[in-house]
file final-v6.cif (mmCIF, C-alpha atoms)
data_structure
#
loop_
_atom_site.label_atom_id
_atom_site.label_comp_id
_atom_site.auth_asym_id
_atom_site.auth_seq_id
_atom_site.Cartn_x
_atom_site.Cartn_y
_atom_site.Cartn_z
CA MET A 1230 94.94 -49.99 -52.46
CA SER A 1231 91.62 -51.64 -53.36
CA GLU A 1232 90.27 -50.78 -49.90
CA MET A 1233 91.20 -47.12 -50.39
CA LEU A 1234 89.50 -47.13 -53.78
CA HIS A 1235 86.38 -48.65 -52.25
CA LEU A 1236 86.35 -45.99 -49.51
CA PHE A 1237 86.78 -43.28 -52.11
CA VAL A 1238 83.90 -44.62 -54.21
CA ASP A 1239 81.72 -44.78 -51.08
CA TYR A 1240 82.65 -41.18 -50.31
CA VAL A 1241 81.72 -40.02 -53.83
CA VAL A 1242 78.39 -41.90 -53.62
CA GLU A 1243 77.60 -40.16 -50.33
CA LEU A 1244 78.74 -36.80 -51.74
CA VAL A 1245 76.61 -37.12 -54.87
CA SER A 1246 73.67 -38.36 -52.80
CA GLY A 1247 73.99 -35.41 -50.43
CA LEU A 1248 74.49 -32.69 -53.04
CA GLY A 1249 72.03 -34.14 -55.55
CA TYR A 1250 71.80 -32.91 -59.10
CA ILE A 1251 73.45 -29.59 -58.27
CA GLY A 1252 76.45 -31.53 -57.00
CA ILE A 1253 76.66 -33.52 -60.24
CA PHE A 1254 76.46 -30.28 -62.21
CA LEU A 1255 79.21 -28.61 -60.17
CA LEU A 1256 81.52 -31.62 -60.20
CA MET A 1257 81.12 -32.09 -63.95
CA THR A 1258 81.74 -28.37 -64.44
CA LEU A 1259 85.06 -28.77 -62.65
CA GLU A 1260 85.81 -31.98 -64.58
CA SER A 1261 85.30 -30.20 -67.90
CA SER A 1262 87.24 -27.07 -67.04
CA PHE A 1263 90.55 -26.54 -65.27
CA VAL A 1264 90.38 -29.39 -62.71
CA PRO A 1265 90.46 -32.54 -64.86
CA PHE A 1266 89.60 -35.80 -63.12
CA PRO A 1267 87.86 -39.00 -64.29
CA SER A 1268 84.18 -38.24 -64.81
CA GLU A 1269 83.32 -41.85 -64.03
CA VAL A 1270 83.86 -41.14 -60.31
CA VAL A 1271 80.84 -38.83 -60.49
CA LEU A 1272 78.52 -40.32 -63.08
CA ILE A 1273 78.78 -44.02 -62.28
CA PRO A 1274 77.80 -43.52 -58.61
CA ALA A 1275 74.99 -41.19 -59.76
CA GLY A 1276 73.78 -43.86 -62.15
CA TYR A 1277 73.90 -46.39 -59.34
CA LEU A 1278 71.82 -44.12 -57.11
CA SER A 1279 69.30 -43.90 -59.95
CA SER A 1280 68.97 -47.68 -59.95
CA THR A 1281 68.12 -47.58 -56.23
CA GLY A 1282 65.44 -44.95 -56.74
CA GLU A 1283 67.35 -42.18 -54.92
CA MET A 1284 67.88 -40.22 -58.13
CA ASN A 1285 66.39 -39.99 -61.62
CA VAL A 1286 68.71 -41.18 -64.37
CA PHE A 1287 67.32 -38.66 -66.87
CA LEU A 1288 68.03 -35.77 -64.50
CA VAL A 1289 71.48 -37.24 -63.74
CA CYS A 1290 72.32 -37.16 -67.45
CA LEU A 1291 70.88 -33.67 -67.81
CA ALA A 1292 72.96 -32.39 -64.88
CA GLY A 1293 76.08 -34.13 -66.19
CA ILE A 1294 75.67 -32.73 -69.71
CA GLY A 1295 74.88 -29.28 -68.34
CA GLY A 1296 78.00 -29.34 -66.18
CA SER A 1297 80.12 -30.48 -69.11
CA ILE A 1298 78.86 -27.57 -71.23
CA ALA A 1299 79.40 -25.08 -68.39
CA GLY A 1300 82.97 -26.27 -67.86
CA ALA A 1301 83.70 -26.11 -71.57
CA LEU A 1302 82.35 -22.57 -71.72
CA ILE A 1303 84.56 -21.53 -68.80
CA ASN A 1304 87.63 -22.69 -70.72
CA TYR A 1305 86.30 -21.13 -73.93
CA TYR A 1306 85.78 -17.67 -72.41
CA LEU A 1307 88.96 -17.74 -70.32
CA SER A 1308 90.98 -18.59 -73.43
CA ALA A 1309 89.22 -15.97 -75.53
CA THR A 1310 89.87 -13.35 -72.82
CA LEU A 1311 93.42 -14.24 -71.79
CA GLY A 1312 94.69 -15.02 -75.29
CA ARG A 1313 97.18 -17.40 -76.81
CA ALA A 1314 100.33 -15.82 -75.33
CA PHE A 1315 99.01 -16.31 -71.79
CA ILE A 1316 98.13 -19.97 -72.42
CA VAL A 1317 101.55 -20.69 -73.92
CA ARG A 1318 103.35 -19.02 -71.03
CA TYR A 1319 101.28 -20.10 -68.04
CA GLY A 1320 99.42 -23.21 -69.24
CA LYS A 1321 101.98 -25.49 -67.60
CA TYR A 1322 100.68 -24.37 -64.20
CA PHE A 1323 97.24 -25.71 -65.14
CA LEU A 1324 98.42 -29.11 -66.45
CA LEU A 1325 98.64 -27.82 -70.02
CA PRO A 1326 102.33 -27.47 -70.97
CA GLU A 1327 103.27 -25.66 -74.15
CA ASP A 1328 104.01 -28.80 -76.19
CA LYS A 1329 100.58 -30.28 -75.39
CA PHE A 1330 98.86 -26.99 -76.16
CA LEU A 1331 100.60 -26.69 -79.53
CA LYS A 1332 99.44 -30.20 -80.46
CA LEU A 1333 95.87 -29.34 -79.45
CA GLU A 1334 96.04 -26.09 -81.38
CA LYS A 1335 97.28 -27.85 -84.50
CA LEU A 1336 94.54 -30.47 -84.17
CA PHE A 1337 91.88 -27.78 -83.85
CA LEU A 1338 93.19 -25.54 -86.63
CA THR A 1339 93.46 -28.52 -89.00
CA HIS A 1340 90.17 -30.24 -88.21
CA GLY A 1341 88.04 -27.57 -86.52
CA ALA A 1342 84.50 -28.75 -85.81
CA PHE A 1343 85.39 -32.44 -86.11
CA ALA A 1344 88.15 -32.08 -83.49
CA THR A 1345 85.81 -30.23 -81.14
CA PHE A 1346 83.23 -33.02 -81.27
CA VAL A 1347 85.58 -36.00 -81.13
CA GLY A 1348 87.82 -34.35 -78.54
CA ARG A 1349 84.92 -34.45 -76.04
CA LEU A 1350 85.07 -38.27 -76.18
CA ILE A 1351 88.74 -38.61 -75.19
CA PHE A 1352 90.02 -38.15 -71.64
CA GLY A 1353 93.02 -35.84 -71.51
CA ILE A 1354 91.74 -33.94 -74.55
CA ARG A 1355 88.12 -33.47 -73.51
CA GLN A 1356 88.98 -30.78 -70.95
CA TRP A 1357 91.36 -28.82 -73.17
CA ILE A 1358 89.83 -28.84 -76.66
CA SER A 1359 87.79 -25.78 -75.62
CA ILE A 1360 90.97 -23.71 -75.28
CA PRO A 1361 91.99 -23.45 -78.96
CA ALA A 1362 88.30 -23.02 -79.78
CA GLY A 1363 88.16 -20.04 -77.44
CA ILE A 1364 91.41 -18.53 -78.68
CA SER A 1365 90.20 -18.71 -82.27
CA LYS A 1366 86.76 -17.42 -81.17
CA MET A 1367 84.95 -20.31 -82.80
CA HIS A 1368 81.30 -19.55 -83.62
CA LEU A 1369 79.68 -19.98 -80.20
CA PRO A 1370 76.44 -21.78 -81.22
CA THR A 1371 78.54 -24.24 -83.24
CA PHE A 1372 80.89 -24.78 -80.30
CA ILE A 1373 78.01 -25.37 -77.89
CA SER A 1374 76.27 -27.78 -80.29
CA LEU A 1375 79.40 -29.88 -80.86
CA THR A 1376 80.28 -29.87 -77.16
CA THR A 1377 76.76 -30.95 -76.25
CA ALA A 1378 76.79 -33.79 -78.77
CA GLY A 1379 80.15 -35.16 -77.63
CA ALA A 1380 79.51 -34.71 -73.91
CA SER A 1381 76.07 -36.32 -74.15
CA ILE A 1382 77.51 -39.54 -75.52
CA TRP A 1383 80.01 -39.94 -72.68
CA VAL A 1384 77.65 -38.86 -69.89
CA ILE A 1385 74.89 -41.24 -71.00
CA ILE A 1386 77.34 -44.14 -71.28
CA LEU A 1387 78.74 -43.66 -67.76
CA ALA A 1388 75.38 -43.03 -66.11
CA SER A 1389 73.98 -46.13 -67.83
CA LEU A 1390 76.89 -48.24 -66.59
CA GLY A 1391 76.20 -47.18 -63.01
CA TYR A 1392 72.48 -47.81 -63.44
CA LEU A 1393 72.91 -51.28 -64.92
CA PHE A 1394 75.92 -52.65 -63.05
CA GLY A 1395 76.18 -50.72 -59.78
CA GLU A 1396 79.08 -48.73 -58.37
CA GLY A 1397 81.57 -51.45 -57.51
CA LYS A 1398 84.98 -52.36 -58.88
CA GLU A 1399 83.44 -54.26 -61.81
CA THR A 1400 81.74 -51.08 -63.00
CA GLY A 1401 85.03 -49.19 -62.96
CA GLN A 1402 86.59 -51.93 -65.06
CA MET A 1403 83.59 -51.83 -67.37
CA ALA A 1404 84.04 -48.06 -67.73
CA LYS A 1405 87.64 -48.59 -68.82
CA LEU A 1406 86.52 -51.22 -71.31
CA VAL A 1407 83.88 -48.87 -72.71
CA GLY A 1408 86.55 -46.18 -72.89
CA TYR A 1409 88.71 -48.46 -75.04
CA TRP A 1410 85.77 -49.28 -77.30
CA LEU A 1411 84.90 -45.62 -77.56
CA LEU A 1412 88.48 -44.86 -78.49
CA ALA A 1413 88.24 -47.48 -81.22
CA VAL A 1414 85.08 -45.79 -82.50
CA VAL A 1415 86.91 -42.46 -82.51
CA VAL A 1416 89.74 -43.99 -84.53
CA ILE A 1417 87.22 -45.31 -87.07
CA MET A 1418 85.63 -41.86 -87.24
CA PHE A 1419 89.03 -40.32 -87.90
CA VAL A 1420 89.75 -42.82 -90.67
CA ALA A 1421 86.38 -42.11 -92.29
CA TYR A 1422 86.93 -38.39 -91.89
CA PHE A 1423 90.34 -38.46 -93.53
CA TYR A 1424 89.15 -40.76 -96.31
CA TRP A 1425 85.91 -39.01 -97.26
CA TRP A 1426 86.22 -35.38 -96.29
CA HIS A 1427 89.71 -34.19 -95.41
CA PRO A 1428 91.37 -35.09 -98.76
CA LYS A 1429 88.79 -32.93 -100.57
CA LYS A 1430 89.44 -30.03 -98.22
CA ALA A 1431 93.20 -30.45 -98.62
CA LYS A 1432 92.81 -30.52 -102.41
CA LYS A 1433 90.84 -27.27 -102.34
CA HIS A 1434 93.48 -25.72 -100.10
CA VAL A 1435 96.25 -26.76 -102.48
CA SER A 1436 94.31 -25.36 -105.45
CA ALA A 1437 93.81 -22.06 -103.65
CA THR A 1438 97.49 -21.97 -102.74
CA ASP A 1439 98.54 -22.61 -106.34
CA GLY A 1440 96.23 -19.85 -107.53
CA LEU A 1441 97.71 -17.35 -105.11
CA SER A 1442 101.23 -18.37 -106.05
CA GLN A 1443 100.54 -17.91 -109.73
CA ASN A 1444 99.15 -14.44 -109.02
CA GLY A 1445 102.16 -13.52 -106.95
CA GLY A 1446 100.27 -13.70 -103.64
CA THR A 1447 101.48 -15.10 -100.35
CA VAL A 1448 99.99 -17.69 -98.03
CA SER A 1449 100.40 -17.38 -94.27
#
call {"tool": "encode", "arguments": {"input": "final-v6.cif", "output": "structure tokens"}}
result
Amino acid sequence: MSEMLHLFVDYVVELVSGLGYIGIFLLMTLESSFVPFPSEVVLIPAGYLSSTGEMNVFLVCLAGIGGSIAGALINYYLSATLGRAFIVRYGKYFLLPEDKFLKLEKLFLTHGAFATFVGRLIFGIRQWISIPAGISKMHLPTFISLTTAGASIWVIILASLGYLFGEGKETGQMAKLVGYWLLAVVVIMFVAYFYWWHPKKAKKHVSATDGLSQNGGTVS
């Protein structure tokens, strides 16, 4: 198994080296859209090639971030065009079953901009958080800004790991460790968000609901 992994890593290194920055952009576009796969298999080898002088780490990060934004926009526009009913019905054929989509939708509708930013830092959510944003037609400049901020953090981390530690097994383990630490940071951000901001929003929502109820209105 380890030998197969080593051969695969070697193949990705050669692929990235051969395709250059355009290859990084295209692979990260796929990674951020409808073909989810671990972005570390692209960015860590690219970072490693930067350490050998074959590539420039700044351009690697730029290509990775650009690809992440492009992939997110593909999902955004597809979702905005196809609509919610299509995603619910056919999402399972694109690794997004209805139950997972409904959880993502609830997360987005409840937390909006915060979910869009933080979602870019979590594998398994990063690829799909663009879908409820597209369905709801989130303000595009806001969506792009939040996607860029979240994607930049992850791309820079992975490229830096490859640059500093190479492209071997230890780097892959380091990427997993960084992923766990990043998840811990996300949890802390959620706690701070719920403590400082969300209760105030919820209180305003309750007040608005009470006001409508007293006036005989309805709340959807």
call {"tool": "residues_around", "arguments": {"input": "final-v6.cif", "residues": "region 1302-1313 of chain A", "least_positions_apart": "2", "cutoff": "10 Å", "atoms": "all atoms listed in the file", "output": "PyMOL selection string"}}
result
chain A and resi 1258-1259+1261-1263+1296-1300+1315-1318+1320+1330+1334+1356-1367+1369+1372-1373+1376
call {"tool": "atom_distance", "arguments": {"input": "final-v6.cif", "atom1": "CA of Ser1280 (chain A)", "atom2": "CA of Ala1292 (chain A)"}}
result
16.6 Å
call {"tool": "resolve_selection", "arguments": {"input": "final-v6.cif", "expression": "the PyMOL selection byres ((chain A and resi 1289) around 10)", "output": "compact mmCIF listing (two decimals) with C-alpha atoms, keeping the file's coordinate frame"}}
result
# COMPACT_ATOMS: atom_id res chain seq x y z
CA GLY A 1249 72.03 -34.14 -55.55
CA TYR A 1250 71.80 -32.91 -59.10
CA ILE A 1251 73.45 -29.59 -58.27
CA ILE A 1253 76.66 -33.52 -60.24
CA PHE A 1254 76.46 -30.28 -62.21
CA LEU A 1272 78.52 -40.32 -63.08
CA ALA A 1275 74.99 -41.19 -59.76
CA GLY A 1276 73.78 -43.86 -62.15
CA LEU A 1278 71.82 -44.12 -57.11
CA SER A 1279 69.30 -43.90 -59.95
CA MET A 1284 67.88 -40.22 -58.13
CA ASN A 1285 66.39 -39.99 -61.62
CA VAL A 1286 68.71 -41.18 -64.37
CA PHE A 1287 67.32 -38.66 -66.87
CA LEU A 1288 68.03 -35.77 -64.50
CA CYS A 1290 72.32 -37.16 -67.45
CA LEU A 1291 70.88 -33.67 -67.81
CA ALA A 1292 72.96 -32.39 -64.88
CA GLY A 1293 76.08 -34.13 -66.19
CA ILE A 1294 75.67 -32.73 -69.71
CA GLY A 1295 74.88 -29.28 -68.34
CA VAL A 1384 77.65 -38.86 -69.89
CA ILE A 1385 74.89 -41.24 -71.00
CA ALA A 1388 75.38 -43.03 -66.11
call {"tool": "atom_distance", "arguments": {"input": "final-v6.cif", "atom1": "CA of Trp1383 (chain A)", "atom2": "CA of Arg1349 (chain A)"}}
result
8.1 Å
call {"tool": "atom_distance", "arguments": {"input": "final-v6.cif", "atom1": "CA of Phe1337 (chain A)", "atom2": "CA of Glu1269 (chain A)"}}
result
25.8 Å
call {"tool": "closest_residue", "arguments": {"input": "final-v6.cif", "among": "A:Gly1348, A:Leu1387, A:His1368, A:Ala1301", "to": "Pro1267 (chain A)", "atoms": "all atoms listed in the file"}}
result
A:Leu1387
call {"tool": "resolve_selection", "arguments": {"input": "final-v6.cif", "expression": "the PyMOL selection byres ((chain A and resi 1392) around 6)", "output": "list in words"}}
result
Gly1276, Tyr1277, Ser1280, Ser1389, Leu1390, Gly1391, Leu1393, Phe1394 and Gly1395 of chain A
